[in-house]
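Heads up, the thing below is written out as structure tokens.
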Amino acid sequence: MLNFFLLILIYSGIYALMAIGQNVITGYGGMLSLTQAGFFAIGSYATAILTTQAGWSFWATLPVAFLISALFGLAIGLPTLRLKGDYLAIATLGFGEIVRNVLNNWDSLTNGPMGIQRIPMPVILGYTINPYKKYAFLVMVIVFVIIAYILFQRLARSRMGRALAAVREDEIAAQSMGINITKYKVYAFILGASVAGIAGSLQAAFTLSVTPGTYTFMVSVMVLCMVVLGGMGNFKASILGAFIIQFISYFPQLTGLSSVIPPQFKQILFGLILVVMMIWRPQGILGREATRYRKRAVSTTGGEQ
Amino acid sequence: MGIAEFFQHLMNGLTLGGIYALIALGYTMVYGILKFINFAHGDILMAGAYIGLFVFDGLRGDAPLGTWTMIAFFLAMLISMGFSAILGMSIERIAYKPLRGATRLAPLLSAIGVSFILSNSAAWAFGTHSRKFNYPFDNTPVHIGDVVITPHQILILSVSLIMMIILKLFIDKTRMGKAMRATSLDQGTAMLMGINVNRVISMTFAIGSALAAVGGILIALDFKVYATMGTMTGLKAFVAAVVGGIGNISGAMFGGILLGLLETFGVAIFGIPTGLKDTIAFGVLILILLIKPEGLFGKVEKEKV
């Protein structure tokens with residue numbers, strides 16, 4: 001039972017990373033991307049392939065997973081982000097399907113539907129983080145979530161965060177204020193993609209095997225649900241959303257009712273959450289985080305701060 | 001490639017394209033009026049196919065192939081069209097109507113939710129296995145020269161052609177069609193002219209869903225009926241709608257046929273592996289979005305403040 005609880009916490013952490021990325025794209029940028037699963041898969045496979053075939057350590061694969069996901073984010077973002085939101089949703093959905101399609105068919109690199117097994121466990125300072133003994137792994141995931149949270153929180157309060165908020169509220173107004181809207185949208189997209197890539201690496205190190213079947217559209221919808229449920233434009237809410245959704249999806253096993261509750265129960269519930277939240281509480285549980293700025297003495301001599 | 005082979009691929013492409021076109025019409029009509037992508041459209045197709053299957057099997061009983069099975073098939077198609085129309089209208093009423101005037105993201109998210117609810121409810125109620133939809137006629141191929149044509153292909157071509165002609169006449173000649181065109185041009189003005197915009201929107205969903213049901217049944221004869229059958233087909237039909245210029249009804253018909261041809265010839269001529277066949281549609285989508293985002297027949301919309 002405790003073990004199971006830890007498992008849920010670890011998955012919540014991994015998904016919280018993806019939800020944070022989704023929140024940058026959807027919550028701050030106002031763009032509907034449906035491809036976190038695609039970047040998640042890219043990160044996982046980067047780690048899986050480099051550790052098993054090139055003998056790299058887990059830590060060395062992290063920046064690679066980060067960079068590859070970011071590159072794909074750029075590649076898919078540049079053509080599609082110049083367009084209206086609805087196209088983006090479909091194009092990104094298509095991208096996620098293409099990734100899975102390629103992983104399934106590129107046998108020489110990804111071993112097709114069989115996936116890659118026997119991924120080595122991460123080692124830090126001579127200590128092996130064994131995913132079967134879940135505590136150490138949980139600590140590692142939590143560290144990652146905290147780092148991502150702090151970085152993204154700072155980012156949201158930077159020039160970029162404000163620019164994105166302006167773009168989200170009114171593109172034309174933002175543009176006439178001199179904000180390069182495509183640039184900031186692409187930035188947000190790359191950031192969202194790369195953090196999902198990191199989440200993918202963690203996933204590979206946790207399950208020690210990867211198969212294309214893990215990275216379905218369902219994952220992208222789950223992540224979207226987390227952001228919507230918690231509250232768009234609020235990183236704390238994304239993490240909270242990740243925990244709630246993970247608990248819901250493991251609820252049948254947790255209560256021992258998995259024989260009574262149909263396996264589709266959680267997906268139906270996710271769908272309901274999206275519809276119901278949109279109709280009755282579009283701002284999510286926590287709502288958008290109001291940015292407060294510290295009062296400072298107004299400098300009359302100018303200068304940037 | 002010989003001339004016979006060419007005509008063979010042409011025939012296969014046209015039939016596939018006919019189905020895409022039927023489904024694409026639903027996307028394009030809804031987009032034309034509400035300016036949003038009905039993500040649940042593919043799942044309405046699935047629901048239509050299930051209803052068609054149940055009604056057909058029920059009516060047919062153990063009857064041998066013959067006139068009665070054909071009558072039963074068309075009755076099943078009509079009943080399924082009616083059911084899907086009601087389903088489409090109810091979805092609009094429950095999940096989209098409260099969100100008119102909300103942010104652009106809201107109806108999209110709600111639609112994804114509806115799509116998830118529909119496909120997973122179907123998997124729960126009818127099981128995850130796929131069911132065979134028996135041909136209502138003897139599907140022995142006919143040889144015309146070296147070209148092989150199945151009666152099923154003839155059925156697809158004639159049914160989709162008839163449906164498209166009826167739709168075109170309805171939109172161009174009837175009062176309701178005129179109201180639809182007016183609403184899609186300018187909702188506010190249409191309302192001022194005494195058009196019941198709510199009824200027009202309901203009607204749009206009804207027609208689009210009925211056409212999707214026809215598409216679903218036609219495709220089910222070849223590819224069986226299962227809970228997620230609408231996802232890929234729906235996506236491709238959407239691509240077809242975008243290619244033709246979303247919101248443009250003739251464009252959707254043309255886009256559907258074009259995509260069907262591209263898929264068959266892409267595999268036949270360019271040697272794209274069949275495993276990656278689904279990627280063609282998304283390649284086309286991204287290409288179109290890059291070169292001519294308004295689609296082949298779409299009009300460029302200038303964004304105004």
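Starting from 1 in every chain, residues are counted up; chains themselves are A, B, ... following the order of the structure tokens, and ligands are numbered from 1 as listed.
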Requested in this report: Could the residues of chain B within 6 Å of chain A, counting only C-alpha atoms, be given as a PyMOL selection string, please?
Outcome: chain B and resi 106+110+113-114+116-117+120+279+282+290
Requested in this report: Considering only C-alpha atoms, return as a ChimeraX atom specification whatever protein or nucleic-acid residues lie within 10 Å of Val239 in chain B, sequence-local ones (same chain, fewer than 3 positions apart) excluded.
Outcome: /A:87,90-91,94 /B:20,24,27,233-236,242-246,252,255-256,259,281-286,288
Got time to write the residues from that selection, C-alpha atoms, as a PDB file, in the first residue's frame?
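Saved as selection_36.pdb:
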ATOM      1  CA  TYR A  87      -4.740  24.656 -36.286  1.00  0.00           C
ATOM      2  CA  ILE A  90      -4.523  19.568 -34.727  1.00  0.00           C
ATOM      3  CA  ALA A  91      -0.970  19.998 -35.999  1.00  0.00           C
ATOM      4  CA  GLY A  94      -0.669  15.005 -35.590  1.00  0.00           C
TER       5      GLY A  94
ATOM      6  CA  TYR B  20     -12.910  11.723 -46.147  1.00  0.00           C
ATOM      7  CA  ALA B  24     -14.692  16.759 -43.736  1.00  0.00           C
ATOM      8  CA  TYR B  27     -15.808  19.957 -39.717  1.00  0.00           C
ATOM      9  CA  THR B 233     -10.331   9.048 -39.711  1.00  0.00           C
ATOM     10  CA  GLY B 234     -11.581  12.212 -38.070  1.00  0.00           C
ATOM     11  CA  LEU B 235      -8.116  13.722 -38.040  1.00  0.00           C
ATOM     12  CA  LYS B 236      -7.560  12.988 -41.689  1.00  0.00           C
ATOM     13  CA  VAL B 242      -8.046  22.458 -44.040  1.00  0.00           C
ATOM     14  CA  VAL B 243      -6.570  21.591 -47.427  1.00  0.00           C
ATOM     15  CA  GLY B 244      -9.755  22.684 -49.145  1.00  0.00           C
ATOM     16  CA  GLY B 245      -9.974  25.838 -47.076  1.00  0.00           C
ATOM     17  CA  ILE B 246     -11.807  25.383 -43.804  1.00  0.00           C
ATOM     18  CA  ALA B 252     -13.941  20.186 -48.165  1.00  0.00           C
ATOM     19  CA  GLY B 255      -9.805  18.337 -50.156  1.00  0.00           C
ATOM     20  CA  GLY B 256     -11.208  14.948 -49.174  1.00  0.00           C
ATOM     21  CA  LEU B 259      -6.172  13.565 -49.672  1.00  0.00           C
ATOM     22  CA  ALA B 281      -1.954  13.339 -44.111  1.00  0.00           C
ATOM     23  CA  PHE B 282      -0.047  15.271 -41.464  1.00  0.00           C
ATOM     24  CA  GLY B 283       2.806  16.023 -43.821  1.00  0.00           C
ATOM     25  CA  VAL B 284       0.238  17.489 -46.202  1.00  0.00           C
ATOM     26  CA  LEU B 285      -1.321  19.461 -43.357  1.00  0.00           C
ATOM     27  CA  ILE B 286       1.941  21.041 -42.283  1.00  0.00           C
ATOM     28  CA  ILE B 288      -0.447  23.471 -46.588  1.00  0.00           C
TER      29      ILE B 288
END
Query raised in the report: Could you name the residues that touch range 187-200 of chain A at 7 Å or less, counting only C-alpha atoms, but leaving out those on the same chain fewer than 5 positions away, as a PyMOL selection string?
Result: chain A and resi 14+17-18+21-22+24-25+29+36+39-44+62+65-67+69-70+73-74+77
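The shell of residues at most 8 Å from Gln117 in chain A, with only C-alpha atoms counted and near chain neighbours (fewer than 2 positions) removed, consists of Gly115, Ile119, Leu208, Ser209 and Val210 of chain A.
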Query - Residue nearest Ile142 in chain A among A:Leu50, A:Leu286, A:Ala16, A:Ala204 (counting only C-alpha atoms) - result: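 Going through A:Leu50, A:Leu286, A:Ala16, A:Ala204 one by one, the smallest distance to Ile142 in chain A is for A:Ala16.
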At a cut-off of 12 Å, using only C-alpha atoms, what residues contact Val147 in chain B? Leave out same-chain residues fewer than 3 positions from it and give the result as a PDB file with C-alpha atoms, in the first residue's frame.
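The file below, out-v1.pdb, is the result:
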ATOM      1  CA  GLY B   2       0.960   0.786 -66.267  1.00  0.00           C
ATOM      2  CA  ILE B   3      -2.246   2.491 -67.245  1.00  0.00           C
ATOM      3  CA  ALA B   4      -4.346  -0.213 -65.591  1.00  0.00           C
ATOM      4  CA  GLU B   5      -2.422   0.135 -62.353  1.00  0.00           C
ATOM      5  CA  PHE B   6      -2.893   3.875 -62.507  1.00  0.00           C
ATOM      6  CA  PHE B   7      -6.649   3.538 -62.830  1.00  0.00           C
ATOM      7  CA  GLN B   8      -6.658   0.999 -60.034  1.00  0.00           C
ATOM      8  CA  HIS B   9      -4.986   3.465 -57.666  1.00  0.00           C
ATOM      9  CA  LEU B  10      -7.204   6.249 -58.949  1.00  0.00           C
ATOM     10  CA  MET B  11     -10.288   4.186 -58.078  1.00  0.00           C
ATOM     11  CA  ASN B  12      -8.971   3.288 -54.630  1.00  0.00           C
ATOM     12  CA  PRO B 141     -14.844  -7.678 -57.319  1.00  0.00           C
ATOM     13  CA  VAL B 142     -15.756  -6.796 -60.876  1.00  0.00           C
ATOM     14  CA  HIS B 143     -12.992  -6.714 -63.465  1.00  0.00           C
ATOM     15  CA  ILE B 144     -13.092  -3.898 -65.975  1.00  0.00           C
ATOM     16  CA  THR B 150     -15.538  -3.895 -55.704  1.00  0.00           C
TER      17      THR B 150
END
**Report entry** Of the listed residues A:Val123, A:Gly55, A:Phe235, A:Leu254, that which approaches Leu155 in chain A most closely, counting only C-alpha atoms
**Finding:**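 Closest residue, counting only C-alpha atoms: A:Phe235.
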Requested in this report: Rounded to one decimal place, report the CA of Arg157 in chain A-CA of Ile10 in chain A distance in Å.
Outcome: 28.1 Å
Query - Atomic separation - CA of Ala227 in chain B relative to CA of Val159 in chain B, Å - result: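 About the pair CA of Val159 in chain B and CA of Ala227 in chain B: they are 23.9 Å apart.
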Report task. One decimal, Å: what's the distance from CA of Phe217 in chain A over to CA of Ser119 in chain B, could you say? Result ->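 Taking CA of Phe217 in chain A as the start and CA of Ser119 in chain B as the end point, the length is 12.7 Å.
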Report task. Would you please extract all helix (DSSP H, G or I) residues from range 12-50 of chain A, as assigned by DSSP on the backbone, and give them as a PyMOL selection string? Result -> chain A and resi 12-28+36-50
Report task. Write out as a PyMOL selection string the residues lying within 8 Å of Phe254 in chain B, counting only C-alpha atoms and excluding same-chain residues fewer than 3 positions away. Result -> chain B and resi 21+244+250-251+257-258
Write a file of the selected residues as a CSV table (one decimal), in the first residue's frame, keeping N, CA and C atoms.
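Ended up saving to result17.csv:
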chain,number,residue,atom,x,y,z
B,21,ALA,N,-14.2,13.1,-47.6
B,21,ALA,CA,-14.9,14.3,-48.0
B,21,ALA,C,-16.2,14.4,-47.2
B,244,GLY,N,-8.8,22.0,-48.3
B,244,GLY,CA,-9.8,22.7,-49.1
B,244,GLY,C,-10.1,24.1,-48.7
B,250,SER,N,-17.4,23.3,-50.8
B,250,SER,CA,-16.9,22.7,-52.0
B,250,SER,C,-15.4,22.3,-51.8
B,251,GLY,N,-14.7,23.2,-51.0
B,251,GLY,CA,-13.3,23.0,-50.7
B,251,GLY,C,-13.1,21.7,-49.9
B,257,ILE,N,-11.2,14.3,-51.5
B,257,ILE,CA,-10.8,13.5,-52.7
B,257,ILE,C,-9.3,13.6,-52.8
B,258,LEU,N,-8.7,14.8,-52.8
B,258,LEU,CA,-7.3,15.0,-53.0
B,258,LEU,C,-6.5,14.2,-52.0
Query raised in the report: Just asking: which residues within range 62-304 of chain B are strand (DSSP E) according to DSSP, as a PyMOL selection string?
Result: chain B and resi 142-144+147-149
Export, as a JSON list (two decimals), in the first residue's frame, the selected residues with N, CA and C atoms.
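What ended up in part_27.json:
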[["chain", "number", "residue", "atom", "x", "y", "z"],
["B", 142, "VAL", "N", -15.44, -6.77, -59.45],
["B", 142, "VAL", "CA", -15.76, -6.80, -60.88],
["B", 142, "VAL", "C", -14.48, -6.40, -61.63],
["B", 143, "HIS", "N", -14.17, -7.09, -62.69],
["B", 143, "HIS", "CA", -12.99, -6.71, -63.46],
["B", 143, "HIS", "C", -13.42, -5.90, -64.67],
["B", 144, "ILE", "N", -12.87, -4.70, -64.77],
["B", 144, "ILE", "CA", -13.09, -3.90, -65.97],
["B", 144, "ILE", "C", -11.72, -3.75, -66.60],
["B", 147, "VAL", "N", -8.58, -3.45, -64.29],
["B", 147, "VAL", "CA", -8.90, -2.72, -63.07],
["B", 147, "VAL", "C", -9.93, -3.49, -62.28],
["B", 148, "VAL", "N", -9.65, -3.67, -60.99],
["B", 148, "VAL", "CA", -10.56, -4.40, -60.13],
["B", 148, "VAL", "C", -11.39, -3.41, -59.31],
["B", 149, "ILE", "N", -12.70, -3.51, -59.43],
["B", 149, "ILE", "CA", -13.58, -2.61, -58.68],
["B", 149, "ILE", "C", -14.52, -3.45, -57.84]]
Query raised in the report: With only C-alpha atoms as the basis for distance, which of B:Met81, B:Leu16, B:Ala206, B:Met163 is at the shortest distance from Leu261 in chain B?
Result: B:Leu16
Query - Which residue of B:Ala212, B:Ala123, B:Leu53, B:Ile37 approaches Leu109 in chain B most closely, using only C-alpha atoms - result: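 So, comparing all the options, the nearest one is B:Ile37.
Counting only C-alpha atoms and comparing A:Tyr250, A:Met140, A:Lys183, A:Arg281, the residue that lies closest to Ala102 in chain B is A:Arg281.
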Report summary line: The residue from B:Gly82, B:Met191, B:Phe74, B:Lys97 with the smallest atom-to-atom distance to Gly48 in chain B, counting only C-alpha atoms, is B:Gly82
